[in-house]
Structures are given as C-alpha cells and as structure tokens.
>>> print(open('data.pdb').read())   # PDB, C-alpha atoms
ATOM      1  CA  MET A   1       2.489  -0.049 -18.771
ATOM      2  CA  SER A   2      -0.422  -2.009 -17.429
ATOM      3  CA  LYS A   3      -2.530  -1.605 -14.345
ATOM      4  CA  HIS A   4      -4.079  -4.173 -12.065
ATOM      5  CA  ASN A   5      -6.614  -3.795  -9.280
ATOM      6  CA  LEU A   6      -5.951  -4.884  -5.724
ATOM      7  CA  PHE A   7      -9.616  -5.641  -5.105
ATOM      8  CA  SER A   8     -10.272  -7.744  -8.158
ATOM      9  CA  ASP A   9     -10.099 -11.520  -8.115
ATOM     10  CA  VAL A  10     -10.909 -11.664  -4.417
ATOM     11  CA  PRO A  11     -12.423 -15.129  -3.988
ATOM     12  CA  LEU A  12     -15.569 -15.307  -1.887
ATOM     13  CA  ASN A  13     -14.885 -18.868  -0.867
ATOM     14  CA  LEU A  14     -11.483 -19.012   0.707
ATOM     15  CA  PRO A  15     -10.360 -22.146   2.537
ATOM     16  CA  ASP A  16      -7.014 -20.546   3.490
ATOM     17  CA  GLU A  17      -5.562 -17.068   3.583
ATOM     18  CA  LEU A  18      -4.468 -16.063   0.098
ATOM     19  CA  PHE A  19      -1.003 -14.515  -0.380
ATOM     20  CA  THR A  20      -0.186 -12.915  -3.730
ATOM     21  CA  ALA A  21       3.279 -11.475  -4.370
ATOM     22  CA  LEU A  22       3.050  -8.254  -6.373
ATOM     23  CA  ILE A  23       6.706  -7.201  -6.217
ATOM     24  CA  ALA A  24       9.681  -9.243  -5.002
ATOM     25  CA  THR A  25      13.311  -8.131  -4.999
ATOM     26  CA  GLY A  26      16.187  -8.986  -2.678
ATOM     27  CA  THR A  27      15.264  -6.137  -0.354
ATOM     28  CA  VAL A  28      11.540  -5.518  -0.698
ATOM     29  CA  ARG A  29       8.416  -7.586  -1.176
ATOM     30  CA  ILE A  30       4.914  -6.241  -1.699
ATOM     31  CA  SER A  31       2.106  -8.723  -1.135
ATOM     32  CA  ARG A  32      -1.641  -8.731  -1.110
ATOM     33  CA  ILE A  33      -3.176 -10.887   1.592
ATOM     34  CA  VAL A  34      -6.848 -11.836   1.642
ATOM     35  CA  SER A  35      -8.355 -13.274   4.814
ATOM     36  CA  HIS A  36     -11.978 -14.229   5.354
ATOM     37  CA  GLY A  37     -12.621 -15.104   8.958
ATOM     38  CA  HIS A  38      -9.127 -16.581   9.182
ATOM     39  CA  ALA A  39      -6.839 -16.238  12.165
ATOM     40  CA  SER A  40      -3.367 -17.553  12.904
ATOM     41  CA  PRO A  41      -3.524 -21.113  14.205
ATOM     42  CA  ASP A  42      -3.883 -21.407  17.981
ATOM     43  CA  GLY A  43      -0.571 -20.725  19.638
ATOM     44  CA  PHE A  44       1.119 -19.741  16.372
ATOM     45  CA  TRP A  45       3.153 -16.537  16.348
ATOM     46  CA  SER A  46       4.924 -14.970  13.361
ATOM     47  CA  ALA A  47       8.303 -13.323  13.852
ATOM     48  CA  GLN A  48       9.898 -13.038  10.418
ATOM     49  CA  ASP A  49      13.344 -11.651   9.644
ATOM     50  CA  GLU A  50      11.919  -8.739   7.646
ATOM     51  CA  HIS A  51      10.170  -5.632   8.852
ATOM     52  CA  ASP A  52       6.517  -5.643   7.843
ATOM     53  CA  TRP A  53       4.616  -2.454   7.070
ATOM     54  CA  VAL A  54       1.016  -3.588   6.744
ATOM     55  CA  ILE A  55      -2.274  -1.831   6.033
ATOM     56  CA  VAL A  56      -5.864  -3.103   6.039
ATOM     57  CA  LEU A  57      -7.789  -1.781   3.025
ATOM     58  CA  LYS A  58     -11.061  -3.676   3.300
ATOM     59  CA  GLY A  59     -12.673  -5.665   6.081
ATOM     60  CA  ALA A  60     -11.544  -5.708   9.692
ATOM     61  CA  ALA A  61      -8.948  -7.554  11.747
ATOM     62  CA  ARG A  62      -7.249  -7.754  15.095
ATOM     63  CA  LEU A  63      -3.492  -8.171  15.389
ATOM     64  CA  ARG A  64      -2.088  -9.458  18.642
ATOM     65  CA  PHE A  65       1.394  -8.709  19.925
ATOM     66  CA  GLY A  66       3.076  -9.931  23.076
ATOM     67  CA  ASP A  67       2.192  -6.618  24.652
ATOM     68  CA  GLY A  68      -1.321  -5.928  23.399
ATOM     69  CA  GLU A  69      -3.844  -6.066  20.621
ATOM     70  CA  ILE A  70      -4.605  -3.643  17.799
ATOM     71  CA  GLU A  71      -7.898  -3.427  15.943
ATOM     72  CA  MET A  72      -7.379  -2.782  12.243
ATOM     73  CA  ASN A  73     -10.017  -1.105  10.094
ATOM     74  CA  PRO A  74      -9.698   0.189   6.528
ATOM     75  CA  GLY A  75      -6.767   2.606   6.253
ATOM     76  CA  ASP A  76      -5.136   1.485   9.504
ATOM     77  CA  PHE A  77      -1.466   0.605   9.198
ATOM     78  CA  VAL A  78       1.262  -0.588  11.539
ATOM     79  CA  ASN A  79       4.981  -1.061  11.100
ATOM     80  CA  ILE A  80       5.981  -4.388  12.632
ATOM     81  CA  PRO A  81       9.731  -4.605  13.251
ATOM     82  CA  ALA A  82      11.597  -7.758  12.259
ATOM     83  CA  ARG A  83      11.414 -10.529  14.815
ATOM     84  CA  LYS A  84       8.543  -8.893  16.692
ATOM     85  CA  ARG A  85       6.140 -11.660  17.627
ATOM     86  CA  HIS A  86       2.662 -11.118  16.265
ATOM     87  CA  ARG A  87      -0.374 -13.053  15.178
ATOM     88  CA  VAL A  88      -3.658 -12.448  13.406
ATOM     89  CA  GLU A  89      -6.104 -12.901  16.245
ATOM     90  CA  TRP A  90      -9.276 -12.382  14.200
ATOM     91  CA  THR A  91     -10.591 -11.254  10.836
ATOM     92  CA  THR A  92     -14.225 -10.464  10.192
ATOM     93  CA  PRO A  93     -16.363 -13.322   8.858
ATOM     94  CA  ASP A  94     -18.678 -10.796   7.169
ATOM     95  CA  GLU A  95     -16.523  -9.992   4.153
ATOM     96  CA  PRO A  96     -13.003 -10.569   2.838
ATOM     97  CA  THR A  97     -10.281  -8.586   4.584
ATOM     98  CA  VAL A  98      -7.728  -7.244   2.106
ATOM     99  CA  TRP A  99      -4.278  -6.378   3.441
ATOM    100  CA  LEU A 100      -1.315  -4.864   1.676
ATOM    101  CA  ALA A 101       2.036  -5.782   3.200
ATOM    102  CA  VAL A 102       5.460  -4.327   2.388
ATOM    103  CA  TYR A 103       8.275  -6.473   3.758
ATOM    104  CA  TYR A 104      11.693  -4.824   3.868
ATOM    105  CA  ARG A 105      15.052  -5.534   5.418
ATOM    106  CA  GLU A 106      16.707  -2.320   6.490
ATOM    107  CA  PRO A 107      15.459  -0.569   9.602
ATOM    108  CA  ALA A 108      13.455   2.582   8.880
TER
ATOM    109  CA  MET B   1       3.000  -0.858  18.664
ATOM    110  CA  SER B   2       0.838   1.959  17.416
ATOM    111  CA  LYS B   3      -1.387   2.261  14.401
ATOM    112  CA  HIS B   4      -2.092   5.208  12.160
ATOM    113  CA  ASN B   5      -4.711   5.694   9.470
ATOM    114  CA  LEU B   6      -3.851   6.518   5.884
ATOM    115  CA  PHE B   7      -7.089   8.426   5.382
ATOM    116  CA  SER B   8      -6.912  10.615   8.457
ATOM    117  CA  ASP B   9      -5.513  14.132   8.376
ATOM    118  CA  VAL B  10      -6.383  14.548   4.711
ATOM    119  CA  PRO B  11      -6.680  18.326   4.323
ATOM    120  CA  LEU B  12      -9.667  19.528   2.328
ATOM    121  CA  ASN B  13      -7.892  22.678   1.252
ATOM    122  CA  LEU B  14      -4.685  21.718  -0.437
ATOM    123  CA  PRO B  15      -2.653  24.331  -2.319
ATOM    124  CA  ASP B  16      -0.051  21.727  -3.379
ATOM    125  CA  GLU B  17       0.172  17.958  -3.495
ATOM    126  CA  LEU B  18       0.993  16.622  -0.041
ATOM    127  CA  PHE B  19       3.778  14.038   0.325
ATOM    128  CA  THR B  20       4.138  12.245   3.657
ATOM    129  CA  ALA B  21       6.962   9.755   4.192
ATOM    130  CA  LEU B  22       5.763   6.771   6.210
ATOM    131  CA  ILE B  23       8.879   4.594   5.945
ATOM    132  CA  ALA B  24      12.310   5.576   4.626
ATOM    133  CA  THR B  25      15.377   3.333   4.503
ATOM    134  CA  GLY B  26      18.296   3.217   2.083
ATOM    135  CA  THR B  27      16.428   0.834  -0.182
ATOM    136  CA  VAL B  28      12.710   1.467   0.271
ATOM    137  CA  ARG B  29      10.444   4.430   0.863
ATOM    138  CA  ILE B  30       6.720   4.280   1.498
ATOM    139  CA  SER B  31       4.860   7.545   1.017
ATOM    140  CA  ARG B  32       1.312   8.770   1.119
ATOM    141  CA  ILE B  33       0.482  11.326  -1.541
ATOM    142  CA  VAL B  34      -2.682  13.425  -1.475
ATOM    143  CA  SER B  35      -3.751  15.287  -4.602
ATOM    144  CA  HIS B  36      -6.878  17.373  -5.028
ATOM    145  CA  GLY B  37      -7.330  18.448  -8.600
ATOM    146  CA  HIS B  38      -3.544  18.705  -8.973
ATOM    147  CA  ALA B  39      -1.592  17.654 -12.017
ATOM    148  CA  SER B  40       2.088  17.781 -12.873
ATOM    149  CA  PRO B  41       3.057  21.211 -14.184
ATOM    150  CA  ASP B  42       2.671  21.608 -17.948
ATOM    151  CA  GLY B  43       5.528  19.894 -19.729
ATOM    152  CA  PHE B  44       6.911  18.400 -16.510
ATOM    153  CA  TRP B  45       7.782  14.714 -16.518
ATOM    154  CA  SER B  46       9.052  12.635 -13.588
ATOM    155  CA  ALA B  47      11.697   9.996 -14.171
ATOM    156  CA  GLN B  48      13.228   9.180 -10.798
ATOM    157  CA  ASP B  49      16.071   6.745 -10.121
ATOM    158  CA  GLU B  50      13.845   4.443  -8.093
ATOM    159  CA  HIS B  51      11.143   2.071  -9.217
ATOM    160  CA  ASP B  52       7.736   3.265  -8.079
ATOM    161  CA  TRP B  53       4.922   0.857  -7.234
ATOM    162  CA  VAL B  54       1.897   3.100  -6.805
ATOM    163  CA  ILE B  55      -1.765   2.496  -5.975
ATOM    164  CA  VAL B  56      -4.738   4.858  -5.855
ATOM    165  CA  LEU B  57      -6.887   4.220  -2.783
ATOM    166  CA  LYS B  58      -9.386   7.086  -2.945
ATOM    167  CA  GLY B  59     -10.361   9.493  -5.687
ATOM    168  CA  ALA B  60      -9.372   9.199  -9.334
ATOM    169  CA  ALA B  61      -6.393  10.114 -11.472
ATOM    170  CA  ARG B  62      -4.839   9.780 -14.890
ATOM    171  CA  LEU B  63      -1.167   8.946 -15.308
ATOM    172  CA  ARG B  64       0.474   9.731 -18.618
ATOM    173  CA  PHE B  65       3.471   7.881 -20.007
ATOM    174  CA  GLY B  66       5.353   8.535 -23.203
ATOM    175  CA  ASP B  67       3.395   5.685 -24.734
ATOM    176  CA  GLY B  68      -0.100   6.176 -23.381
ATOM    177  CA  GLU B  69      -2.360   7.109 -20.515
ATOM    178  CA  ILE B  70      -3.768   5.050 -17.655
ATOM    179  CA  GLU B  71      -6.891   5.899 -15.689
ATOM    180  CA  MET B  72      -6.485   5.091 -12.015
ATOM    181  CA  ASN B  73      -9.441   4.349  -9.765
ATOM    182  CA  PRO B  74      -9.443   2.991  -6.201
ATOM    183  CA  GLY B  75      -7.452  -0.236  -6.020
ATOM    184  CA  ASP B  76      -5.666   0.310  -9.337
ATOM    185  CA  PHE B  77      -1.905  -0.040  -9.156
ATOM    186  CA  VAL B  78       0.993   0.199 -11.585
ATOM    187  CA  ASN B  79       4.686  -0.549 -11.274
ATOM    188  CA  ILE B  80       6.658   2.278 -12.865
ATOM    189  CA  PRO B  81      10.253   1.264 -13.601
ATOM    190  CA  ALA B  82      13.071   3.633 -12.689
ATOM    191  CA  ARG B  83      13.733   6.350 -15.245
ATOM    192  CA  LYS B  84      10.418   5.733 -17.030
ATOM    193  CA  ARG B  85       9.004   9.144 -17.877
ATOM    194  CA  HIS B  86       5.581   9.749 -16.408
ATOM    195  CA  ARG B  87       3.379  12.567 -15.214
ATOM    196  CA  VAL B  88       0.127  13.040 -13.345
ATOM    197  CA  GLU B  89      -2.132  14.275 -16.087
ATOM    198  CA  TRP B  90      -5.215  14.799 -13.939
ATOM    199  CA  THR B  91      -6.716  14.142 -10.525
ATOM    200  CA  THR B  92     -10.391  14.574  -9.770
ATOM    201  CA  PRO B  93     -11.432  17.961  -8.389
ATOM    202  CA  ASP B  94     -14.387  16.315  -6.601
ATOM    203  CA  GLU B  95     -12.517  14.834  -3.655
ATOM    204  CA  PRO B  96      -8.958  14.231  -2.466
ATOM    205  CA  THR B  97      -7.085  11.476  -4.292
ATOM    206  CA  VAL B  98      -5.031   9.356  -1.893
ATOM    207  CA  TRP B  99      -2.086   7.438  -3.327
ATOM    208  CA  LEU B 100       0.276   5.024  -1.655
ATOM    209  CA  ALA B 101       3.702   4.823  -3.296
ATOM    210  CA  VAL B 102       6.471   2.333  -2.599
ATOM    211  CA  TYR B 103       9.803   3.463  -4.075
ATOM    212  CA  TYR B 104      12.463   0.783  -4.289
ATOM    213  CA  ARG B 105      15.851   0.377  -5.937
ATOM    214  CA  GLU B 106      16.327  -3.189  -7.054
ATOM    215  CA  PRO B 107      14.471  -4.421 -10.105
ATOM    216  CA  ALA B 108      11.586  -6.732  -9.317
TER
END
>>> encode(input="data.pdb", output="structure tokens")
Amino acid sequence: MSKHNLFSDVPLNLPDELFTALIATGTVRISRIVSHGHASPDGFWSAQDEHDWVIVLKGAARLRFGDGEIEMNPGDFVNIPARKRHRVEWTTPDEPTVWLAVYYREPA
Amino acid sequence: MSKHNLFSDVPLNLPDELFTALIATGTVRISRIVSHGHASPDGFWSAQDEHDWVIVLKGAARLRFGDGEIEMNPGDFVNIPARKRHRVEWTTPDEPTVWLAVYYREPA
C-alpha cells in the first residue's frame, strides 16, 4: 500500500488547467484538476456523457450553468448530471484551485 | 443545481463514526466519514467487496494493513483494493477527522 497527496506537485506556473487521472475504470473515474486563474474558453460549455460529482478543496471558483452560477469555496461540492451544460466561469488568480472530480455513469 | 459543503454539519460530539452517503449507484458510492478519536474495534478488520479510494481532508489518522501502517494527513489518499484487510488504527482526538471515500466495483 502506498499513499499519495492530492496537494503535492501542484505547479505554481500553469499555462493550462492540469488534469490528473487517479482512478479510471469502465464506470468510474477520479481526477484531480488544478486551475490557476483559468476559465473555460469564451462560449465553451461542457456537457459530458458522465455524471460529475465535483468538490473544490483549495482556492475558489465559479461554475456557470444555463440556469445560474454557483460560487465554490473549499469543501463545496455539486453533483452535475450527465449532459448538463456547465462551464468554469472563473477561478481565483491568487492561488491554485484544486478540484477533485468523480465521473460516473449510472444515475445516483 | 445546489451545492453543499463537506465540512459543514460536522458534529463536535460524536459517540460513533458518522457515515454520510453523498452518491450511491449500483457501481459507485461516495461517502463522507467523520471520526473523532475513533478507531476500529480491537481485532476488527474491514475487507469489503468494493475497492475503496479514500482521502483524509481534515484531521489525522493511521490506517493499518496486514503488511504495515500508513499515517494519513490532509490530502493523503490511498486506493484500497477489494478484500484487502484494513482497519482504522487511530484518529486524532484533537479535532474531527473528515474522510472522503469512493467505493467502486471494477478494478482500476
């Protein structure tokens, strides 16, 4: 058994959002995402085929949905159903924002 | 869309470990676990049928396996394969320890 730390190896200089797969099976994926002032490109919306349970653990972000915006601070989580349009509207430029995302296929 | 916070509603007085299911499907479960000085009962080992990806987000803990012990501090995660014997040897009495566990069935 070996442990790793979610907050280690967080680059301070990050040209693009950094996605790291921690677990990947046919039905579930666990990823770390590090943003640093990044947002989704203008006009770009995600709407993937998997459900996405996502939590912010460091930093701060705003997620936008067709029907509103949610501010995400450490500990905040949302469960985004498959095919629900969403985008990262903003992440803080002050420090890296560390997300943990669990993508899964069956409805909860 | 609504958000919740993983660190809210953490009781300070906790007679037993507190398990809260956040997501549950046939193939994946996401749970918050709060311990406060708790450990597995003497001689008790867990060895569930699901794989268990688990991270400590607040507090401190020690997990024991048949082949060694791992100290868990905030951000530390391990991936415990199904049927691997393990137990919570210790959690800090100083503050609540908040874990996030993702149980899944297919091997990663």
>>> atom_distance(input="data.pdb", atom1="CA of Asp42 (chain B)", atom2="CA of Ala61 (chain B)")
16.0 Å
>>> resolve_selection(input="data.pdb", expression="the ChimeraX specification (/A :<7) & /B", output="PyMOL selection string")
chain B and resi 2-7+23-25+75-78+106-108
>>> resolve_selection(input="data.pdb", expression="the PyMOL selection byres ((chain A and resi 40) around 12)", output="PyMOL selection string")
chain A and resi 16-17+35-39+41-46+61-64+86-91
>>> atom_distance(input="data.pdb", atom1="CA of Asp52 (chain A)", atom2="CA of Arg32 (chain B)")
16.7 Å
>>> calpha_fit_and_write(input="data.pdb", fixed="chain A", moving="chain B", output="short mmCIF file (atom, residue, chain, number, x, y, z; two decimals) with C-alpha atoms, in the frame of the given file")
data_model
loop_
_atom_site.label_atom_id
_atom_site.label_comp_id
_atom_site.auth_asym_id
_atom_site.auth_seq_id
_atom_site.Cartn_x
_atom_site.Cartn_y
_atom_site.Cartn_z
CA MET B 1 2.49 -0.07 -18.76
CA SER B 2 -0.42 -2.04 -17.43
CA LYS B 3 -2.52 -1.61 -14.34
CA HIS B 4 -4.07 -4.18 -12.06
CA ASN B 5 -6.62 -3.81 -9.28
CA LEU B 6 -5.95 -4.89 -5.72
CA PHE B 7 -9.62 -5.64 -5.10
CA SER B 8 -10.26 -7.75 -8.16
CA ASP B 9 -10.08 -11.53 -8.11
CA VAL B 10 -10.91 -11.66 -4.41
CA PRO B 11 -12.41 -15.14 -3.99
CA LEU B 12 -15.56 -15.32 -1.89
CA ASN B 13 -14.87 -18.88 -0.86
CA LEU B 14 -11.47 -19.02 0.72
CA PRO B 15 -10.33 -22.16 2.55
CA ASP B 16 -6.99 -20.55 3.50
CA GLU B 17 -5.55 -17.06 3.59
CA LEU B 18 -4.46 -16.05 0.10
CA PHE B 19 -1.00 -14.50 -0.37
CA THR B 20 -0.19 -12.91 -3.72
CA ALA B 21 3.27 -11.47 -4.37
CA LEU B 22 3.04 -8.25 -6.36
CA ILE B 23 6.70 -7.20 -6.21
CA ALA B 24 9.67 -9.25 -5.00
CA THR B 25 13.30 -8.13 -5.00
CA GLY B 26 16.18 -8.98 -2.68
CA THR B 27 15.26 -6.13 -0.36
CA VAL B 28 11.53 -5.52 -0.69
CA ARG B 29 8.41 -7.58 -1.19
CA ILE B 30 4.91 -6.23 -1.70
CA SER B 31 2.11 -8.71 -1.14
CA ARG B 32 -1.64 -8.72 -1.11
CA ILE B 33 -3.17 -10.88 1.59
CA VAL B 34 -6.84 -11.84 1.64
CA SER B 35 -8.36 -13.27 4.81
CA HIS B 36 -11.97 -14.23 5.35
CA GLY B 37 -12.63 -15.11 8.94
CA HIS B 38 -9.12 -16.59 9.19
CA ALA B 39 -6.84 -16.25 12.16
CA SER B 40 -3.37 -17.57 12.90
CA PRO B 41 -3.52 -21.13 14.20
CA ASP B 42 -3.89 -21.40 17.97
CA GLY B 43 -0.58 -20.72 19.65
CA PHE B 44 1.11 -19.74 16.38
CA TRP B 45 3.13 -16.53 16.33
CA SER B 46 4.91 -14.96 13.35
CA ALA B 47 8.28 -13.33 13.83
CA GLN B 48 9.88 -13.04 10.40
CA ASP B 49 13.34 -11.66 9.62
CA GLU B 50 11.92 -8.75 7.65
CA HIS B 51 10.17 -5.63 8.85
CA ASP B 52 6.52 -5.65 7.83
CA TRP B 53 4.62 -2.45 7.07
CA VAL B 54 1.02 -3.59 6.75
CA ILE B 55 -2.28 -1.82 6.04
CA VAL B 56 -5.86 -3.09 6.04
CA LEU B 57 -7.79 -1.77 3.03
CA LYS B 58 -11.07 -3.67 3.29
CA GLY B 59 -12.68 -5.65 6.08
CA ALA B 60 -11.53 -5.71 9.69
CA ALA B 61 -8.94 -7.55 11.74
CA ARG B 62 -7.25 -7.76 15.10
CA LEU B 63 -3.50 -8.17 15.39
CA ARG B 64 -2.09 -9.46 18.65
CA PHE B 65 1.39 -8.69 19.92
CA GLY B 66 3.06 -9.94 23.06
CA ASP B 67 2.19 -6.61 24.64
CA GLY B 68 -1.32 -5.93 23.40
CA GLU B 69 -3.85 -6.07 20.62
CA ILE B 70 -4.61 -3.65 17.80
CA GLU B 71 -7.90 -3.43 15.94
CA MET B 72 -7.38 -2.77 12.25
CA ASN B 73 -10.01 -1.10 10.10
CA PRO B 74 -9.69 0.20 6.53
CA GLY B 75 -6.76 2.61 6.26
CA ASP B 76 -5.14 1.50 9.52
CA PHE B 77 -1.48 0.61 9.21
CA VAL B 78 1.26 -0.57 11.54
CA ASN B 79 4.99 -1.07 11.11
CA ILE B 80 5.99 -4.39 12.65
CA PRO B 81 9.74 -4.60 13.26
CA ALA B 82 11.60 -7.75 12.26
CA ARG B 83 11.43 -10.55 14.81
CA LYS B 84 8.56 -8.90 16.70
CA ARG B 85 6.14 -11.67 17.62
CA HIS B 86 2.66 -11.12 16.27
CA ARG B 87 -0.38 -13.07 15.16
CA VAL B 88 -3.67 -12.45 13.41
CA GLU B 89 -6.11 -12.90 16.23
CA TRP B 90 -9.27 -12.38 14.19
CA THR B 91 -10.59 -11.25 10.82
CA THR B 92 -14.23 -10.46 10.19
CA PRO B 93 -16.36 -13.32 8.87
CA ASP B 94 -18.68 -10.79 7.17
CA GLU B 95 -16.53 -9.99 4.15
CA PRO B 96 -13.01 -10.56 2.84
CA THR B 97 -10.28 -8.58 4.59
CA VAL B 98 -7.73 -7.23 2.11
CA TRP B 99 -4.27 -6.38 3.44
CA LEU B 100 -1.31 -4.85 1.67
CA ALA B 101 2.04 -5.78 3.20
CA VAL B 102 5.45 -4.33 2.39
CA TYR B 103 8.28 -6.48 3.76
CA TYR B 104 11.67 -4.81 3.87
CA ARG B 105 15.06 -5.54 5.40
CA GLU B 106 16.71 -2.33 6.48
CA PRO B 107 15.45 -0.58 9.59
CA ALA B 108 13.45 2.55 8.88
#
>>> resolve_selection(input="data.pdb", expression="the PyMOL selection byres ((chain B and resi 12) around 9)", output="PyMOL selection string")
chain B and resi 10-11+13-14+36+95-96
>>> write_last_selection(input="data.pdb", atoms="C-alpha atoms", output="PDB file, in the frame of the given file")
ATOM      1  CA  VAL B  10      -6.383  14.548   4.711  1.00  0.00           C
ATOM      2  CA  PRO B  11      -6.680  18.326   4.323  1.00  0.00           C
ATOM      3  CA  ASN B  13      -7.892  22.678   1.252  1.00  0.00           C
ATOM      4  CA  LEU B  14      -4.685  21.718  -0.437  1.00  0.00           C
ATOM      5  CA  HIS B  36      -6.878  17.373  -5.028  1.00  0.00           C
ATOM      6  CA  GLU B  95     -12.517  14.834  -3.655  1.00  0.00           C
ATOM      7  CA  PRO B  96      -8.958  14.231  -2.466  1.00  0.00           C
TER       8      PRO B  96
END
>>> residues_around(input="data.pdb", residues="Arg83 (chain A)", least_positions_apart="3", cutoff="6 Å", atoms="all atoms listed in the file", output="list of chain:residue names")
A:Ala47, A:Gln48, A:Asp49
>>> atom_distance(input="data.pdb", atom1="CA of Pro15 (chain B)", atom2="CA of Thr97 (chain B)")
13.7 Å
>>> axis_aligned_box(input="data.pdb", around="region 89-104 of chain A", padding_each_side="5 Å", output="AutoDock Vina command-line options")
--center_x -3.5 --center_y -8.8 --center_z 9.0 --size_x 40.4 --size_y 19.0 --size_z 24.6
